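Novice: My structure is stored as model-v4.cif, with mmCIF, C-alpha atoms and all ligand atoms.
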```
data_start
#
loop_
_atom_site.label_atom_id
_atom_site.label_comp_id
_atom_site.auth_asym_id
_atom_site.auth_seq_id
_atom_site.Cartn_x
_atom_site.Cartn_y
_atom_site.Cartn_z
CA MET A 1 -91.28 28.02 45.61
CA ASN A 2 -89.93 24.53 46.43
CA LYS A 3 -87.76 24.64 49.52
CA PRO A 4 -85.28 21.95 50.55
CA GLY A 5 -86.14 20.17 53.77
CA HIS A 6 -82.54 19.17 54.27
CA ILE A 7 -79.48 21.12 53.19
CA ALA A 8 -76.01 19.62 53.57
CA ILE A 9 -72.93 21.79 53.21
CA ILE A 10 -69.29 21.07 52.41
CA MET A 11 -67.79 24.14 54.06
CA ASP A 12 -64.72 24.46 51.86
CA GLY A 13 -62.26 27.30 51.36
CA ASN A 14 -61.28 28.37 54.88
CA GLY A 15 -57.58 27.84 54.13
CA ARG A 16 -57.71 29.87 50.91
CA TRP A 17 -59.69 32.62 52.65
CA ALA A 18 -56.88 32.87 55.23
CA ALA A 19 -54.07 32.63 52.66
CA LYS A 20 -55.57 35.52 50.67
CA ARG A 21 -55.19 37.64 53.82
CA GLY A 22 -51.74 36.37 54.80
CA LEU A 23 -53.26 34.68 57.87
CA PRO A 24 -52.65 31.20 59.29
CA ARG A 25 -55.09 28.46 58.26
CA LEU A 26 -56.67 28.36 61.70
CA ALA A 27 -57.74 31.99 61.29
CA GLY A 28 -59.68 30.77 58.25
CA HIS A 29 -61.34 28.04 60.31
CA ARG A 30 -62.26 30.60 62.96
CA ALA A 31 -63.77 32.87 60.30
CA GLY A 32 -65.58 29.81 58.95
CA THR A 33 -66.95 29.13 62.42
CA GLU A 34 -68.22 32.71 62.69
CA ASN A 35 -69.90 32.22 59.37
CA LEU A 36 -71.45 28.97 60.48
CA ARG A 37 -73.25 30.89 63.21
CA ARG A 38 -74.69 33.25 60.55
CA VAL A 39 -75.75 30.39 58.29
CA ILE A 40 -77.47 28.53 61.15
CA ARG A 41 -79.44 31.69 61.96
CA ALA A 42 -80.32 32.08 58.28
CA ALA A 43 -81.43 28.44 58.04
CA VAL A 44 -83.70 28.94 61.06
CA LYS A 45 -85.03 32.15 59.47
CA PHE A 46 -85.70 30.42 56.13
CA GLY A 47 -87.50 27.56 57.86
CA ILE A 48 -85.08 24.80 56.89
CA PRO A 49 -85.69 21.84 59.23
CA TYR A 50 -82.43 19.91 58.64
CA LEU A 51 -78.92 21.23 58.11
CA THR A 52 -75.85 18.98 57.91
CA ILE A 53 -72.35 20.42 57.90
CA TYR A 54 -69.13 18.64 56.96
CA ALA A 55 -66.75 19.95 59.57
CA PHE A 56 -64.09 17.27 60.09
CA SER A 57 -63.62 14.25 57.86
CA THR A 58 -61.98 10.92 58.65
CA GLU A 59 -59.25 12.08 56.23
CA ASN A 60 -58.67 15.39 58.06
CA TRP A 61 -56.60 13.54 60.71
CA GLY A 62 -53.86 13.63 58.04
CA ARG A 63 -53.53 17.43 58.35
CA PRO A 64 -50.72 18.97 60.44
CA THR A 65 -51.14 18.30 64.18
CA ASP A 66 -51.64 21.97 65.09
CA GLU A 67 -54.49 22.29 62.56
CA VAL A 68 -56.16 19.09 63.83
CA GLN A 69 -55.81 20.21 67.45
CA GLY A 70 -56.99 23.70 66.53
CA LEU A 71 -60.13 22.29 64.89
CA MET A 72 -60.87 20.09 67.93
CA HIS A 73 -60.44 23.16 70.12
CA ILE A 74 -62.84 25.14 67.89
CA LEU A 75 -65.52 22.45 68.30
CA GLU A 76 -65.07 22.49 72.06
CA ASP A 77 -65.22 26.30 72.09
CA VAL A 78 -68.37 26.36 69.96
CA ILE A 79 -70.13 23.97 72.35
CA ASP A 80 -68.99 26.01 75.39
CA LYS A 81 -69.94 29.39 73.95
CA GLU A 82 -72.80 28.77 71.53
CA LEU A 83 -74.85 26.01 73.09
CA THR A 84 -77.14 28.36 75.02
CA GLU A 85 -77.99 30.40 71.92
CA LEU A 86 -78.43 27.31 69.78
CA HIS A 87 -80.75 25.85 72.40
CA GLU A 88 -82.75 29.10 72.58
CA GLN A 89 -83.10 29.09 68.78
CA GLY A 90 -84.65 25.64 68.97
CA VAL A 91 -81.68 23.84 67.40
CA ARG A 92 -81.31 20.13 68.04
CA LEU A 93 -77.70 19.01 67.76
CA ARG A 94 -76.79 15.69 66.33
CA HIS A 95 -73.37 14.23 65.63
CA ILE A 96 -72.63 11.99 62.67
CA GLY A 97 -69.35 10.08 62.45
CA ARG A 98 -67.12 8.17 64.82
CA LEU A 99 -67.63 9.90 68.14
CA GLU A 100 -65.79 7.19 70.04
CA GLN A 101 -62.47 8.16 68.42
CA LEU A 102 -62.58 11.73 69.76
CA PRO A 103 -60.72 12.77 72.92
CA GLY A 104 -62.81 11.77 75.97
CA ALA A 105 -63.58 15.28 77.26
CA LEU A 106 -64.68 16.47 73.82
CA ARG A 107 -66.80 13.38 73.30
CA GLU A 108 -68.58 14.01 76.59
CA LYS A 109 -69.24 17.64 75.64
CA VAL A 110 -70.75 16.60 72.32
CA GLU A 111 -72.90 13.96 74.03
CA ARG A 112 -74.07 16.47 76.64
CA ALA A 113 -74.94 19.05 73.95
CA MET A 114 -77.01 16.44 72.11
CA GLU A 115 -78.77 15.47 75.32
CA ILE A 116 -79.60 19.09 76.25
CA THR A 117 -81.02 19.90 72.82
CA ARG A 118 -82.68 16.55 72.07
CA ASP A 119 -86.28 17.84 72.29
CA ASN A 120 -85.75 20.89 70.07
CA SER A 121 -87.45 20.72 66.72
CA ARG A 122 -86.95 23.96 64.82
CA LEU A 123 -83.71 22.93 63.15
CA THR A 124 -81.79 19.68 63.42
CA LEU A 125 -78.11 20.49 62.96
CA CYS A 126 -76.09 17.39 62.10
CA ILE A 127 -72.41 17.97 62.65
CA ALA A 128 -70.29 15.59 60.60
CA TRP A 129 -67.16 15.33 62.71
CA ASN A 130 -64.72 12.49 62.20
CA TYR A 131 -67.11 11.47 59.46
CA GLY A 132 -66.46 9.62 56.22
CA GLY A 133 -69.11 8.24 53.87
CA ARG A 134 -67.27 4.99 53.19
CA ASP A 135 -66.47 4.57 56.88
CA GLU A 136 -70.17 5.07 57.63
CA ILE A 137 -71.07 2.21 55.27
CA VAL A 138 -68.39 -0.06 56.79
CA HIS A 139 -69.73 0.78 60.27
CA ALA A 140 -73.29 0.01 59.11
CA ILE A 141 -72.31 -3.37 57.62
CA GLN A 142 -70.41 -4.33 60.78
CA HIS A 143 -73.47 -3.57 62.89
CA MET A 144 -75.85 -5.39 60.57
CA LEU A 145 -73.66 -8.50 60.78
CA GLN A 146 -73.40 -8.17 64.56
CA ASP A 147 -77.20 -7.99 64.72
CA GLY A 148 -77.48 -11.19 62.68
CA ILE A 149 -79.31 -9.55 59.76
CA GLN A 150 -79.96 -12.14 57.03
CA PRO A 151 -79.16 -11.36 53.36
CA ALA A 152 -82.84 -11.43 52.37
CA GLU A 153 -83.62 -8.80 54.99
CA VAL A 154 -81.17 -6.27 53.53
CA ASN A 155 -82.83 -3.49 51.60
CA GLU A 156 -82.29 0.24 51.11
CA ALA A 157 -84.50 1.25 54.03
CA LEU A 158 -82.66 -1.11 56.39
CA ILE A 159 -79.25 0.17 55.31
CA SER A 160 -80.42 3.75 55.91
CA GLN A 161 -81.42 2.78 59.44
CA TYR A 162 -77.86 1.57 60.13
CA LEU A 163 -76.19 4.77 58.94
CA PHE A 164 -75.15 7.57 61.33
CA THR A 165 -77.97 9.61 59.77
CA ALA A 166 -80.72 7.12 60.75
CA GLY A 167 -84.02 8.96 60.99
CA VAL A 168 -82.73 12.04 59.14
CA PRO A 169 -84.21 12.50 55.64
CA ASP A 170 -81.74 12.39 52.75
CA PRO A 171 -80.36 15.80 51.77
CA ASP A 172 -82.37 17.60 49.10
CA MET A 173 -79.54 19.96 48.27
CA ILE A 174 -75.78 19.74 48.85
CA ILE A 175 -73.89 23.01 48.76
CA ARG A 176 -70.15 23.05 48.20
CA THR A 177 -68.33 26.34 48.61
CA SER A 178 -65.01 27.36 47.01
CA GLY A 179 -65.77 25.86 43.60
CA GLU A 180 -64.45 22.31 43.93
CA MET A 181 -66.49 19.72 42.03
CA ARG A 182 -66.01 16.76 44.34
CA ILE A 183 -68.12 14.72 46.76
CA SER A 184 -65.12 14.18 49.11
CA ASN A 185 -66.60 11.12 50.85
CA PHE A 186 -69.58 13.13 52.13
CA LEU A 187 -72.98 11.44 52.52
CA ILE A 188 -72.21 9.16 49.58
CA TRP A 189 -75.24 6.95 50.22
CA GLN A 190 -77.63 9.73 51.17
CA ALA A 191 -76.64 12.00 48.25
CA ALA A 192 -78.15 9.65 45.64
CA TYR A 193 -80.74 12.19 44.46
CA ALA A 194 -79.51 15.40 46.03
CA GLU A 195 -79.34 18.55 43.94
CA TRP A 196 -75.83 20.02 43.89
CA TYR A 197 -75.07 23.70 44.25
CA VAL A 198 -71.41 24.60 43.82
CA THR A 199 -70.34 28.19 44.29
CA PRO A 200 -66.91 29.81 43.97
CA VAL A 201 -67.60 31.77 47.18
CA LEU A 202 -65.24 30.70 49.98
CA TRP A 203 -66.99 29.36 53.09
CA PRO A 204 -66.26 32.31 55.42
CA ASP A 205 -67.97 34.58 52.83
CA PHE A 206 -71.00 32.35 52.22
CA ASP A 207 -73.54 34.46 54.08
CA GLU A 208 -77.34 34.66 54.31
CA GLU A 209 -77.54 36.28 50.88
CA GLU A 210 -75.52 33.45 49.33
CA LEU A 211 -77.76 30.89 51.03
CA ALA A 212 -80.79 32.71 49.65
CA LYS A 213 -79.28 32.44 46.13
CA ALA A 214 -78.82 28.69 46.62
CA LEU A 215 -82.47 28.41 47.68
CA VAL A 216 -83.59 30.29 44.56
CA SER A 217 -81.50 27.94 42.40
CA TYR A 218 -83.03 24.92 44.15
CA GLY A 219 -86.52 26.33 43.65
CA LYS A 220 -85.98 26.27 39.87
CA ARG A 221 -84.84 22.66 39.72
CA GLU A 222 -87.07 19.89 38.51
CA ARG A 223 -86.41 16.76 40.57
CA ARG A 224 -87.35 13.63 38.69
CA PHE A 225 -85.78 10.87 40.81
CA GLY A 226 -85.14 8.82 37.65
CA ARG A 227 -88.68 9.27 36.35
CA LEU A 228 -89.86 11.43 33.46
CA SER A 229 -90.78 15.02 34.00
CA ASP A 230 -94.48 15.82 34.43
CA CYS A 231 -94.61 17.41 30.97
CA ALA A 232 -92.41 14.85 29.15
CA GLU A 233 -93.77 13.22 26.01
CA GLY A 234 -92.50 9.81 27.10
CA ASN A 235 -89.49 9.63 24.79
CA SER A 236 -86.74 10.67 27.21
CA THR A 237 -83.82 8.29 27.75
CA ASP A 238 -82.28 10.38 30.51
CA ALA A 239 -81.67 8.17 33.57
CA ALA A 240 -81.37 11.09 35.98
C1 LIG B 301 -62.43 23.04 54.65
O1 LIG B 301 -61.65 24.12 54.27
C2 LIG B 301 -62.85 23.21 56.03
C3 LIG B 301 -62.56 22.36 57.04
C4 LIG B 301 -61.76 21.13 56.83
C5 LIG B 301 -62.97 22.64 58.41
C6 LIG B 301 -64.35 23.23 58.56
C7 LIG B 301 -64.55 23.51 59.97
C8 LIG B 301 -65.11 24.60 60.49
C9 LIG B 301 -65.68 25.71 59.71
C10 LIG B 301 -65.13 24.67 61.96
C11 LIG B 301 -66.48 24.92 62.53
C12 LIG B 301 -67.32 23.75 62.72
C13 LIG B 301 -67.86 23.39 63.89
C14 LIG B 301 -68.93 22.40 63.91
C15 LIG B 301 -67.43 23.94 65.18
P1 LIG B 301 -60.12 23.91 53.90
O2 LIG B 301 -59.31 24.12 55.11
O3 LIG B 301 -59.92 22.58 53.25
O4 LIG B 301 -59.92 25.07 52.89
P2 LIG B 301 -58.91 25.11 51.66
O5 LIG B 301 -59.37 24.05 50.69
O6 LIG B 301 -59.09 26.50 51.12
O7 LIG B 301 -57.53 24.87 52.20
#
```
Rewrite the structure of this file - the entire thing - as structure tokens.
Ligand code: FPP
Specialist:
Amino acid sequence: MNKPGHIAIIMDGNGRWAAKRGLPRLAGHRAGTENLRRVIRAAVKFGIPYLTIYAFSTENWGRPTDEVQGLMHILEDVIDKELTELHEQGVRLRHIGRLEQLPGALREKVERAMEITRDNSRLTLCIAWNYGGRDEIVHAIQHMLQDGIQPAEVNEALISQYLFTAGVPDPDMIIRTSGEMRISNFLIWQAAYAEWYVTPVLWPDFDEEELAKALVSYGKRERRFGRLSDCAEGNSTDAA
């Protein structure tokens, strides 16, 4: 069965999970964090080499201050408490987004975690934190101009090298939990040919079994990358 080499996840539905239980939103984010631990273990178990998670977007700064601070605290807590296990599992941590805009102490923790795990190769976990797809493209263009790149030198491969995800293969499958049918500024360049899997399951409930279902769905897809399918008669006009 075809297996995705890179899965990216929009971990949506923490707030609704909490609201259904009469709990504050941060309780939903904590349950989502617990679930993230399970999904990372499952990804290692299923032999997925790249996992990217959308944890804090450039737009999430617009949420109430206590939620923003709570999320920053959760990230700090995860690094403090989970780094040893992640390292033992062979997880390499990578951050994508604007690290420089995070509080200094948190930024240093993230940098240290990446340094400690840099030689691990079982699973590369890209944490999109203070990440926005459009912002990533703006950042890439700024750096290309700073580097004096000439118009004729610009091509798709070069742009990819200037993105936060440089060196990471494009996602094969993007999972969005909680049923929303939106890209939400996530990996907008890299998602060009990703297969989407949208499930009504809220993120804190998206466990190993749900990930396995997504993998089965992916295994049945035929990826054509704009070409015709292997068995097509040559009369298709489908551009996908
Ligand atoms: C979306 O649900 C979720 C988020 C904006 C935060 C996701 C963050 C975590 C799970 C924290 C763990 C991550 C790391 C890397 C430590 P929502 O709040 O928009 O849900 P709603 O749409 O139901 O309100």
Novice: Neighbouring residues of Met173 in chain A were defined as those with any atom within 9 Å, considering all atoms listed in the file; residues of the same chain fewer than 2 positions away were excluded. Please report them as a count of residues only.
Specialist: 17
Novice: Could you check how far CA of Thr52 in chain A sits from CA of Arg134 in chain A, in Å to one decimal?
Specialist: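 Answer for the CA of Thr52 in chain A to CA of Arg134 in chain A separation: 17.1 Å.
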Novice: Any residue with an atom at most 9 Å from ligand LIG 301 (chain B) counts, using all atoms listed in the file. Which are they? Put them as an MDAnalysis selection string.
Specialist: chainID A and resid 10:19 25:26 28:36 53:57 60 71:79 126:129 178 180 202:204
Novice: Between CA of Leu158 in chain A and CA of Asn185 in chain A, measure the distance and give it in Å to one decimal.
Specialist: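 For CA of Leu158 in chain A relative to CA of Asn185 in chain A, the distance reads 20.9 Å.
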Novice: To one decimal in Å, tell me the separation between CA of Leu93 in chain A and CA of Asp147 in chain A.
Specialist: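 Taking CA of Leu93 in chain A and CA of Asp147 in chain A, their separation equals 27.2 Å.
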Novice: Once you count only C-alpha atoms, which residues end up no further than 10 Å from (-60.8, 14.1, 49.7) in the file's frame, shown as a ChimeraX atom specification?
Specialist: /A:57-60,132,182-186
Novice: Please determine, counting all atoms listed in the file, which residue among A:Gln161, A:Asp207, A:Met114, A:Leu125 has the shortest atom-to-atom distance to Val39 in chain A.
Specialist: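 Nearest candidate to Val39 in chain A out of A:Gln161, A:Asp207, A:Met114, A:Leu125: A:Asp207.
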Novice: If I only have part of range 38-49 of chain A, can you fill in all heavy atoms and write it as a PDB file, in the coordinates of the input?
Specialist:
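result11.pdb, freshly written:
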```
ATOM      1  N   ARG A  38     -73.780  32.462  61.403  1.00  0.00           N
ATOM      2  CA  ARG A  38     -74.690  33.250  60.550  1.00  0.00           C
ATOM      3  C   ARG A  38     -75.581  32.332  59.707  1.00  0.00           C
ATOM      4  O   ARG A  38     -76.784  32.572  59.554  1.00  0.00           O
ATOM      5  CB  ARG A  38     -73.877  34.159  59.610  1.00  0.00           C
ATOM      6  CG  ARG A  38     -73.161  35.286  60.315  1.00  0.00           C
ATOM      7  CD  ARG A  38     -72.580  36.280  59.295  1.00  0.00           C
ATOM      8  NE  ARG A  38     -71.352  35.813  58.666  1.00  0.00           N
ATOM      9  CZ  ARG A  38     -70.126  36.033  59.148  1.00  0.00           C
ATOM     10  NH1 ARG A  38     -69.961  36.723  60.257  1.00  0.00           N
ATOM     11  NH2 ARG A  38     -69.055  35.581  58.511  1.00  0.00           N
ATOM     12  N   VAL A  39     -74.976  31.278  59.176  1.00  0.00           N
ATOM     13  CA  VAL A  39     -75.750  30.390  58.290  1.00  0.00           C
ATOM     14  C   VAL A  39     -76.792  29.601  59.089  1.00  0.00           C
ATOM     15  O   VAL A  39     -77.909  29.368  58.601  1.00  0.00           O
ATOM     16  CB  VAL A  39     -74.791  29.464  57.484  1.00  0.00           C
ATOM     17  CG1 VAL A  39     -75.546  28.349  56.780  1.00  0.00           C
ATOM     18  CG2 VAL A  39     -74.008  30.282  56.459  1.00  0.00           C
ATOM     19  N   ILE A  40     -76.465  29.228  60.322  1.00  0.00           N
ATOM     20  CA  ILE A  40     -77.470  28.530  61.150  1.00  0.00           C
ATOM     21  C   ILE A  40     -78.655  29.459  61.398  1.00  0.00           C
ATOM     22  O   ILE A  40     -79.809  29.068  61.239  1.00  0.00           O
ATOM     23  CB  ILE A  40     -76.849  28.055  62.492  1.00  0.00           C
ATOM     24  CG1 ILE A  40     -75.813  26.958  62.235  1.00  0.00           C
ATOM     25  CG2 ILE A  40     -77.938  27.551  63.446  1.00  0.00           C
ATOM     26  CD1 ILE A  40     -74.958  26.605  63.442  1.00  0.00           C
ATOM     27  N   ARG A  41     -78.341  30.719  61.744  1.00  0.00           N
ATOM     28  CA  ARG A  41     -79.440  31.690  61.960  1.00  0.00           C
ATOM     29  C   ARG A  41     -80.286  31.831  60.701  1.00  0.00           C
ATOM     30  O   ARG A  41     -81.511  31.875  60.767  1.00  0.00           O
ATOM     31  CB  ARG A  41     -78.864  33.062  62.325  1.00  0.00           C
ATOM     32  CG  ARG A  41     -78.407  33.150  63.743  1.00  0.00           C
ATOM     33  CD  ARG A  41     -78.387  34.620  64.206  1.00  0.00           C
ATOM     34  NE  ARG A  41     -77.643  34.711  65.434  1.00  0.00           N
ATOM     35  CZ  ARG A  41     -76.530  35.418  65.613  1.00  0.00           C
ATOM     36  NH1 ARG A  41     -76.049  36.153  64.636  1.00  0.00           N
ATOM     37  NH2 ARG A  41     -75.920  35.429  66.772  1.00  0.00           N
ATOM     38  N   ALA A  42     -79.592  31.913  59.553  1.00  0.00           N
ATOM     39  CA  ALA A  42     -80.320  32.080  58.280  1.00  0.00           C
ATOM     40  C   ALA A  42     -81.179  30.853  57.995  1.00  0.00           C
ATOM     41  O   ALA A  42     -82.320  30.978  57.539  1.00  0.00           O
ATOM     42  CB  ALA A  42     -79.331  32.320  57.142  1.00  0.00           C
ATOM     43  N   ALA A  43     -80.652  29.670  58.295  1.00  0.00           N
ATOM     44  CA  ALA A  43     -81.430  28.440  58.040  1.00  0.00           C
ATOM     45  C   ALA A  43     -82.676  28.429  58.914  1.00  0.00           C
ATOM     46  O   ALA A  43     -83.764  28.048  58.459  1.00  0.00           O
ATOM     47  CB  ALA A  43     -80.562  27.207  58.303  1.00  0.00           C
ATOM     48  N   VAL A  44     -82.531  28.861  60.164  1.00  0.00           N
ATOM     49  CA  VAL A  44     -83.700  28.940  61.060  1.00  0.00           C
ATOM     50  C   VAL A  44     -84.699  29.948  60.458  1.00  0.00           C
ATOM     51  O   VAL A  44     -85.889  29.675  60.330  1.00  0.00           O
ATOM     52  CB  VAL A  44     -83.278  29.361  62.486  1.00  0.00           C
ATOM     53  CG1 VAL A  44     -84.490  29.703  63.333  1.00  0.00           C
ATOM     54  CG2 VAL A  44     -82.455  28.245  63.151  1.00  0.00           C
ATOM     55  N   LYS A  45     -84.168  31.101  60.043  1.00  0.00           N
ATOM     56  CA  LYS A  45     -85.030  32.150  59.470  1.00  0.00           C
ATOM     57  C   LYS A  45     -85.769  31.659  58.224  1.00  0.00           C
ATOM     58  O   LYS A  45     -86.947  31.954  58.031  1.00  0.00           O
ATOM     59  CB  LYS A  45     -84.136  33.355  59.119  1.00  0.00           C
ATOM     60  CG  LYS A  45     -84.847  34.512  58.497  1.00  0.00           C
ATOM     61  CD  LYS A  45     -83.893  35.693  58.356  1.00  0.00           C
ATOM     62  CE  LYS A  45     -84.364  36.648  57.292  1.00  0.00           C
ATOM     63  NZ  LYS A  45     -83.382  37.702  57.026  1.00  0.00           N
ATOM     64  N   PHE A  46     -85.080  30.897  57.367  1.00  0.00           N
ATOM     65  CA  PHE A  46     -85.700  30.420  56.130  1.00  0.00           C
ATOM     66  C   PHE A  46     -86.562  29.175  56.337  1.00  0.00           C
ATOM     67  O   PHE A  46     -87.114  28.627  55.384  1.00  0.00           O
ATOM     68  CB  PHE A  46     -84.624  30.124  55.067  1.00  0.00           C
ATOM     69  CG  PHE A  46     -83.864  31.344  54.586  1.00  0.00           C
ATOM     70  CD1 PHE A  46     -82.523  31.258  54.226  1.00  0.00           C
ATOM     71  CD2 PHE A  46     -84.488  32.583  54.491  1.00  0.00           C
ATOM     72  CE1 PHE A  46     -81.814  32.378  53.785  1.00  0.00           C
ATOM     73  CE2 PHE A  46     -83.792  33.714  54.043  1.00  0.00           C
ATOM     74  CZ  PHE A  46     -82.455  33.604  53.705  1.00  0.00           C
ATOM     75  N   GLY A  47     -86.634  28.710  57.572  1.00  0.00           N
ATOM     76  CA  GLY A  47     -87.500  27.560  57.860  1.00  0.00           C
ATOM     77  C   GLY A  47     -86.990  26.251  57.309  1.00  0.00           C
ATOM     78  O   GLY A  47     -87.764  25.394  56.861  1.00  0.00           O
ATOM     79  N   ILE A  48     -85.670  26.068  57.343  1.00  0.00           N
ATOM     80  CA  ILE A  48     -85.080  24.800  56.890  1.00  0.00           C
ATOM     81  C   ILE A  48     -85.023  23.851  58.092  1.00  0.00           C
ATOM     82  O   ILE A  48     -84.382  24.163  59.094  1.00  0.00           O
ATOM     83  CB  ILE A  48     -83.627  25.022  56.350  1.00  0.00           C
ATOM     84  CG1 ILE A  48     -83.594  26.110  55.267  1.00  0.00           C
ATOM     85  CG2 ILE A  48     -82.997  23.715  55.875  1.00  0.00           C
ATOM     86  CD1 ILE A  48     -84.366  25.822  54.013  1.00  0.00           C
ATOM     87  N   PRO A  49     -85.666  22.701  58.027  1.00  0.00           N
ATOM     88  CA  PRO A  49     -85.690  21.840  59.230  1.00  0.00           C
ATOM     89  C   PRO A  49     -84.437  21.017  59.485  1.00  0.00           C
ATOM     90  O   PRO A  49     -84.172  20.645  60.627  1.00  0.00           O
ATOM     91  CB  PRO A  49     -86.905  20.932  58.999  1.00  0.00           C
ATOM     92  CG  PRO A  49     -87.236  21.014  57.557  1.00  0.00           C
ATOM     93  CD  PRO A  49     -86.629  22.276  56.999  1.00  0.00           C
TER      94      PRO A  49
END
```
